[in-house]
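Asks: Quick one: structure below, then a few questions.
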Amino acid sequence: PEIEAEVEAITGRDVTIIGDVRVTFIPTLAIAIDDITIAGAPGASGLPFLELPEVLAAISLAPLASLEVVVERIRLIEPVIVLETQADGLASWQFEPVATSEPGSGAAPAVSIELIDVQDARIEWRDGDDRRTFDQVDLWIDALGADGPFEAQGEFLHGGRQWVLEADLGRISRPQLSINSTLRSGDDIAVKIAGTLATDSTPIAFSGQIEADIAKLDLLSKLAGVDALPASAGELALSLDTGFSVSSSTVRLSDLAVELGESQTTGSAFVTLDGARTIELALTASRLDLDTLLPALLATQNE
């Protein structure tokens, strides 16, 4: 009950622990808890945000003497996570902590986590009628310090394809947070994003460089969850290289270079997201493969 109450105070959600709590002390302090459930956001589908059959934590004993908690590893086994948004209300991952003030309670001890290990997770994304699932998710996150930098590697199954993720994250305490990530699926899809998240700006902005190589455009449409493209367009290879800057109000692409099949285009784009949405494009085509593009355009219009 005490653990449930603490997690409920942090999340503002109902928390239940049905299983056992097991503790060992040699060679490290190890804690295992079974069957944990954290409720979803109020007014949503009613699905839990998290169903966790088992969580294991290994804690170093020596730092406890100075009231420091060093978690050597947290292992989440077969969690089911529902990421759900709703038009009016909190998303499933947005929590409202409950303020507690118990007499005599001191400051919480410093806690650092060196490794997070997720095994065979299932993540479901729900946004209105849009449903996507990510199965067989294995993820390893290494922390090189209390606030980073972090290194992550993972694999998951989505859309019938196996995906591999690699990412590096800078120190989260700094106003300029560096992010470098690569997402691959076989030899067909490779997307690289390198940039900086400026948390000290208003609104928060993420800027950097994107490189993408897609063997067939139809693979990108399936990843985005849209209907299949006309056959003539779906077979085209896509190569993209652009600078970008994204915030809650604008999207800017600079030094844009796109190769779609035999067609080559360069330029820039600017999109405003708040108020009256606008799109400004400045494109120069050095080569256009009209034999392929025109049939694809006509097929799209007929549909």
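Labels for the structure tokens follow display order: chains A, B, ..., residues from 1 in each chain, ligands from 1.
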Any idea what's packed within 10 Å of Asp135 in chain A, counting only C-alpha atoms, ignoring anything in its chain fewer than 5 positions away? Could you give it as a short mmCIF file (atom, residue, chain, number, x, y, z; two decimals) with N, CA and C atoms, in the first residue's frame?

Replies:
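Contents of part.cif, as written:
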data_model
loop_
_atom_site.label_atom_id
_atom_site.label_comp_id
_atom_site.auth_asym_id
_atom_site.auth_seq_id
_atom_site.Cartn_x
_atom_site.Cartn_y
_atom_site.Cartn_z
N VAL A 80 3.12 -3.37 -21.17
CA VAL A 80 2.18 -2.91 -22.20
C VAL A 80 1.87 -1.45 -21.91
N ASP A 120 10.76 -7.10 -24.41
CA ASP A 120 9.54 -7.60 -25.04
C ASP A 120 8.31 -6.75 -24.66
N ALA A 121 8.43 -5.45 -24.87
CA ALA A 121 7.32 -4.55 -24.58
C ALA A 121 6.35 -4.47 -25.75
N ARG A 122 5.16 -3.99 -25.47
CA ARG A 122 4.17 -3.69 -26.51
C ARG A 122 3.68 -2.26 -26.27
N ILE A 123 3.82 -1.42 -27.30
CA ILE A 123 3.42 -0.02 -27.19
C ILE A 123 2.30 0.23 -28.20
N GLU A 124 1.21 0.78 -27.74
CA GLU A 124 0.07 1.09 -28.61
C GLU A 124 -0.14 2.60 -28.64
N GLU A 155 15.25 -2.38 -30.60
CA GLU A 155 14.65 -3.05 -31.74
C GLU A 155 13.16 -3.18 -31.49
N PHE A 156 12.37 -3.16 -32.57
CA PHE A 156 10.93 -3.36 -32.43
C PHE A 156 10.34 -3.81 -33.76
N LEU A 157 9.11 -4.30 -33.70
CA LEU A 157 8.39 -4.77 -34.87
C LEU A 157 7.20 -3.85 -35.12
N HIS A 158 7.11 -3.32 -36.34
CA HIS A 158 6.01 -2.42 -36.69
C HIS A 158 5.73 -2.54 -38.18
N GLY A 159 4.44 -2.67 -38.51
CA GLY A 159 4.06 -2.77 -39.92
C GLY A 159 4.66 -3.98 -40.61
N GLY A 160 4.86 -5.04 -39.86
CA GLY A 160 5.43 -6.24 -40.44
C GLY A 160 6.91 -6.17 -40.73
N GLN A 162 10.99 -5.31 -39.16
CA GLN A 162 11.87 -5.19 -38.00
C GLN A 162 12.63 -3.87 -38.11
#

Asks: Excluding Ile36 in chain A and any residue of its chain fewer than 3 positions from it, enumerate the residues within 9 Å of it, using only C-alpha atoms, and give them as a list of chain:residue names.

Replies: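 Counting only C-alpha atoms, the residues come to A:Val15, A:Thr16, A:Ile17, A:Ile18, A:Gly19, A:Ile33, A:Leu50, A:Glu51, A:Leu52, A:Pro53, A:Glu54, A:Val55.
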
Asks: Using only C-alpha atoms, which residues sit within 7 Å of Ser207 in chain A once same-chain residues fewer than 2 positions away are excluded, as a VMD selection string?

Replies: chain A and resid 195 to 197 205 244 to 246

Asks: Show me, as a list in words, the residues that have an atom within 7 Å of range 173-184 of chain A when counting only C-alpha atoms, minus same-chain residues fewer than 4 positions from it.

Replies: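 The neighbour list is Asp147, Trp163, Val164, Leu165, Glu166, Ala167, Asp168, Leu169, Ile189, Ala190, Val191, Lys192, Ile193, Ala194, Gly195, Thr196, Leu197, Ala198, Thr199 and Asp200 of chain A.
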
Asks: How about saving the chosen residues, N, CA and C atoms kept, as a JSON list (two decimals), in the first residue's frame?

Replies:
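File result.json, as written:
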[["chain", "number", "residue", "atom", "x", "y", "z"],
["A", 147, "ASP", "N", 22.67, 13.15, -15.04],
["A", 147, "ASP", "CA", 21.81, 13.85, -16.00],
["A", 147, "ASP", "C", 22.24, 13.57, -17.43],
["A", 163, "TRP", "N", 12.66, -3.11, -37.01],
["A", 163, "TRP", "CA", 13.31, -1.81, -36.99],
["A", 163, "TRP", "C", 14.41, -1.80, -35.94],
["A", 164, "VAL", "N", 15.46, -1.04, -36.20],
["A", 164, "VAL", "CA", 16.58, -0.88, -35.28],
["A", 164, "VAL", "C", 16.79, 0.60, -35.01],
["A", 165, "LEU", "N", 16.89, 0.96, -33.74],
["A", 165, "LEU", "CA", 17.05, 2.36, -33.32],
["A", 165, "LEU", "C", 18.34, 2.52, -32.54],
["A", 166, "GLU", "N", 19.10, 3.56, -32.88],
["A", 166, "GLU", "CA", 20.27, 3.95, -32.11],
["A", 166, "GLU", "C", 20.18, 5.45, -31.84],
["A", 167, "ALA", "N", 20.48, 5.87, -30.61],
["A", 167, "ALA", "CA", 20.33, 7.28, -30.27],
["A", 167, "ALA", "C", 21.33, 7.69, -29.20],
["A", 168, "ASP", "N", 21.78, 8.94, -29.29],
["A", 168, "ASP", "CA", 22.61, 9.57, -28.28],
["A", 168, "ASP", "C", 21.92, 10.85, -27.82],
["A", 169, "LEU", "N", 21.88, 11.05, -26.53],
["A", 169, "LEU", "CA", 21.24, 12.23, -25.95],
["A", 169, "LEU", "C", 22.22, 12.90, -25.00],
["A", 189, "ILE", "N", 15.28, 1.18, -45.59],
["A", 189, "ILE", "CA", 14.94, 2.47, -44.97],
["A", 189, "ILE", "C", 16.03, 2.86, -43.98],
["A", 190, "ALA", "N", 16.50, 4.10, -44.09],
["A", 190, "ALA", "CA", 17.46, 4.65, -43.13],
["A", 190, "ALA", "C", 17.15, 6.13, -42.94],
["A", 191, "VAL", "N", 16.93, 6.53, -41.69],
["A", 191, "VAL", "CA", 16.62, 7.93, -41.37],
["A", 191, "VAL", "C", 17.57, 8.37, -40.26],
["A", 192, "LYS", "N", 18.28, 9.48, -40.49],
["A", 192, "LYS", "CA", 19.20, 10.03, -39.50],
["A", 192, "LYS", "C", 18.76, 11.44, -39.12],
["A", 193, "ILE", "N", 18.70, 11.71, -37.83],
["A", 193, "ILE", "CA", 18.34, 13.03, -37.32],
["A", 193, "ILE", "C", 19.41, 13.46, -36.32],
["A", 194, "ALA", "N", 20.02, 14.61, -36.56],
["A", 194, "ALA", "CA", 21.01, 15.17, -35.64],
["A", 194, "ALA", "C", 20.65, 16.63, -35.40],
["A", 195, "GLY", "N", 20.50, 16.99, -34.12],
["A", 195, "GLY", "CA", 20.12, 18.37, -33.86],
["A", 195, "GLY", "C", 20.21, 18.74, -32.40],
["A", 196, "THR", "N", 19.61, 19.88, -32.09],
["A", 196, "THR", "CA", 19.65, 20.43, -30.74],
["A", 196, "THR", "C", 18.26, 20.88, -30.34],
["A", 197, "LEU", "N", 17.84, 20.48, -29.15],
["A", 197, "LEU", "CA", 16.57, 20.90, -28.58],
["A", 197, "LEU", "C", 16.83, 22.07, -27.65],
["A", 198, "ALA", "N", 16.32, 23.25, -28.02],
["A", 198, "ALA", "CA", 16.54, 24.46, -27.21],
["A", 198, "ALA", "C", 15.40, 24.59, -26.20],
["A", 199, "THR", "N", 15.65, 24.18, -24.97],
["A", 199, "THR", "CA", 14.62, 24.24, -23.94],
["A", 199, "THR", "C", 14.52, 25.61, -23.28],
["A", 200, "ASP", "N", 15.48, 26.49, -23.59],
["A", 200, "ASP", "CA", 15.47, 27.83, -22.99],
["A", 200, "ASP", "C", 14.78, 28.86, -23.88]]

Asks: Calculate how many Å separate CA of Gly43 in chain A from CA of Asp129 in chain A, rounding to one decimal.

Replies: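 Interatomic distance, CA of Gly43 in chain A to CA of Asp129 in chain A: 16.1 Å.
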
Asks: Which parts of range 68-274 of chain A does DSSP call helix (DSSP H, G or I) when run on the backbone here, written out as a ChimeraX atom specification?

Replies: /A:217-224,231-234

Asks: Take the residues that were just selected and, keeping C-alpha atoms, output them as a short mmCIF file (atom, residue, chain, number, x, y, z; two decimals), in the first residue's frame.

Replies:
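File result-v9.cif, as written:
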data_model
loop_
_atom_site.label_atom_id
_atom_site.label_comp_id
_atom_site.auth_asym_id
_atom_site.auth_seq_id
_atom_site.Cartn_x
_atom_site.Cartn_y
_atom_site.Cartn_z
CA LEU A 217 8.13 5.48 -51.48
CA ASP A 218 5.38 3.00 -50.68
CA LEU A 219 7.37 1.91 -47.61
CA LEU A 220 7.19 5.46 -46.26
CA SER A 221 3.41 5.64 -46.78
CA LYS A 222 2.96 2.38 -44.83
CA LEU A 223 5.14 3.70 -42.01
CA ALA A 224 3.02 6.87 -41.85
CA ALA A 231 1.95 1.85 -58.18
CA SER A 232 3.98 4.17 -60.40
CA ALA A 233 4.78 6.44 -57.41
CA GLY A 234 5.09 3.74 -54.77
#

Asks: Please indicate the distance in Å from CA of Val71 in chain A to CA of Leu144 in chain A, rounded to one decimal place.

Replies: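 Computing it gives 12.6 Å between the two atoms.
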
Asks: Compare A:Leu83, A:Ile214, A:Leu139, A:Ala152 by their minimum atom-to-atom distance to Ala44 in chain A, counting only C-alpha atoms, and give me the closest one.

Replies: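 Among A:Leu83, A:Ile214, A:Leu139, A:Ala152, it is A:Leu83 that comes nearest to Ala44 in chain A.
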
Asks: For each of A:Ile77, A:Val23, A:Val69, A:Leu256, take the minimum atom-to-atom distance to Ile210 in chain A, counting only C-alpha atoms, then give the residue where this is smallest.

Replies: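 Looking at the shortest contact to Ile210 in chain A, the residue is A:Leu256.
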
Asks: Grab the CA of Gln94 in chain A to CA of Asp35 in chain A distance for me, in Å with one decimal place.

Replies: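 Rounded to one decimal, the two atoms are 21.9 Å apart.
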
Asks: Quick one: residues within 8 Å of range 261-267 of chain A, only C-alpha atoms, excluding same-chain residues fewer than 5 positions away - as a list in words?

Replies: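 Near neighbours after the sequence-gap exclusion: Leu236, Ala237, Leu238, Ser254, Asp255, Leu256, Leu281, Ala282, Leu283, Thr284, Ala285, Ser286, Arg287, Leu288 and Asp289 of chain A.
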
Asks: For the residues selected in the previous step, produce a file with all heavy atoms as a short mmCIF file (atom, residue, chain, number, x, y, z; two decimals), in the first residue's frame.

Replies:
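Result saved to result.cif:
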data_model
loop_
_atom_site.label_atom_id
_atom_site.label_comp_id
_atom_site.auth_asym_id
_atom_site.auth_seq_id
_atom_site.Cartn_x
_atom_site.Cartn_y
_atom_site.Cartn_z
N LEU A 236 9.01 4.41 -56.51
CA LEU A 236 10.09 5.37 -56.63
C LEU A 236 10.96 5.39 -55.37
O LEU A 236 10.46 5.31 -54.25
CB LEU A 236 9.54 6.77 -56.87
CG LEU A 236 8.79 7.01 -58.19
CD1 LEU A 236 8.24 8.42 -58.23
CD2 LEU A 236 9.70 6.75 -59.38
N ALA A 237 12.26 5.52 -55.56
CA ALA A 237 13.18 5.69 -54.44
C ALA A 237 13.18 7.16 -54.00
O ALA A 237 13.03 8.06 -54.84
CB ALA A 237 14.58 5.25 -54.83
N LEU A 238 13.35 7.39 -52.69
CA LEU A 238 13.36 8.75 -52.15
C LEU A 238 14.64 8.98 -51.37
O LEU A 238 15.03 8.18 -50.53
CB LEU A 238 12.16 8.96 -51.23
CG LEU A 238 12.15 10.28 -50.43
CD1 LEU A 238 12.00 11.48 -51.36
CD2 LEU A 238 11.03 10.28 -49.39
N SER A 254 15.39 24.14 -44.69
CA SER A 254 16.35 24.95 -45.43
C SER A 254 17.38 24.05 -46.11
O SER A 254 17.61 22.92 -45.67
CB SER A 254 17.07 25.93 -44.49
OG SER A 254 17.73 25.23 -43.44
N ASP A 255 17.96 24.57 -47.20
CA ASP A 255 18.93 23.78 -47.97
C ASP A 255 18.35 22.40 -48.29
O ASP A 255 19.00 21.36 -48.12
CB ASP A 255 20.25 23.63 -47.20
CG ASP A 255 20.91 24.98 -46.97
OD1 ASP A 255 20.81 25.84 -47.86
OD2 ASP A 255 21.52 25.17 -45.90
N LEU A 256 17.12 22.40 -48.73
CA LEU A 256 16.39 21.16 -48.99
C LEU A 256 16.86 20.54 -50.31
O LEU A 256 16.92 21.22 -51.34
CB LEU A 256 14.88 21.46 -49.06
CG LEU A 256 13.96 20.33 -49.48
CD1 LEU A 256 13.98 19.20 -48.45
CD2 LEU A 256 12.53 20.86 -49.66
N LEU A 281 6.64 27.73 -50.27
CA LEU A 281 7.60 26.85 -50.92
C LEU A 281 8.43 27.62 -51.93
O LEU A 281 7.89 28.46 -52.65
CB LEU A 281 6.89 25.69 -51.64
CG LEU A 281 6.16 24.65 -50.77
CD1 LEU A 281 5.40 23.68 -51.66
CD2 LEU A 281 7.15 23.91 -49.89
N ALA A 282 9.71 27.32 -51.97
CA ALA A 282 10.59 27.86 -53.00
C ALA A 282 11.43 26.69 -53.51
O ALA A 282 12.37 26.23 -52.84
CB ALA A 282 11.49 28.96 -52.45
N LEU A 283 11.07 26.15 -54.67
CA LEU A 283 11.68 24.93 -55.18
C LEU A 283 12.27 25.16 -56.56
O LEU A 283 11.70 25.89 -57.38
CB LEU A 283 10.65 23.80 -55.25
CG LEU A 283 9.96 23.41 -53.94
CD1 LEU A 283 8.92 22.33 -54.20
CD2 LEU A 283 11.00 22.93 -52.91
N THR A 284 13.38 24.53 -56.81
CA THR A 284 14.02 24.54 -58.12
C THR A 284 14.28 23.10 -58.54
O THR A 284 14.94 22.35 -57.80
CB THR A 284 15.35 25.30 -58.09
OG1 THR A 284 15.10 26.65 -57.68
CG2 THR A 284 16.00 25.30 -59.46
N ALA A 285 13.74 22.70 -59.68
CA ALA A 285 13.90 21.34 -60.18
C ALA A 285 14.98 21.33 -61.25
O ALA A 285 14.83 21.96 -62.31
CB ALA A 285 12.59 20.81 -60.73
N SER A 286 16.07 20.63 -60.97
CA SER A 286 17.13 20.51 -61.98
C SER A 286 16.85 19.36 -62.94
O SER A 286 17.41 19.31 -64.04
CB SER A 286 18.47 20.27 -61.29
OG SER A 286 18.43 19.12 -60.47
N ARG A 287 15.96 18.44 -62.51
CA ARG A 287 15.58 17.33 -63.39
C ARG A 287 14.22 16.82 -62.95
O ARG A 287 13.97 16.60 -61.76
CB ARG A 287 16.61 16.20 -63.32
CG ARG A 287 16.26 14.99 -64.16
CD ARG A 287 17.31 13.90 -64.00
NE ARG A 287 16.93 12.68 -64.70
CZ ARG A 287 17.17 12.45 -65.99
NH1 ARG A 287 17.81 13.36 -66.71
NH2 ARG A 287 16.80 11.32 -66.56
N LEU A 288 13.28 16.64 -63.92
CA LEU A 288 11.95 16.10 -63.63
C LEU A 288 11.69 14.91 -64.55
O LEU A 288 11.82 15.02 -65.78
CB LEU A 288 10.86 17.15 -63.85
CG LEU A 288 10.73 18.25 -62.79
CD1 LEU A 288 9.62 19.23 -63.19
CD2 LEU A 288 10.44 17.66 -61.42
N ASP A 289 11.33 13.79 -63.96
CA ASP A 289 10.98 12.59 -64.71
C ASP A 289 9.47 12.58 -64.92
O ASP A 289 8.72 11.94 -64.18
CB ASP A 289 11.44 11.35 -63.94
CG ASP A 289 11.16 10.06 -64.69
OD1 ASP A 289 10.75 10.15 -65.87
OD2 ASP A 289 11.33 8.99 -64.10
#

Asks: Which of range 11-148 of chain A end up as strand (DSSP E) when DSSP is run on this backbone - answer as an MDAnalysis selection string?

Replies: chainID A and resid 15:17 21:24 29:38 50:59 68:77 80:85 110:113 115:127 130:143
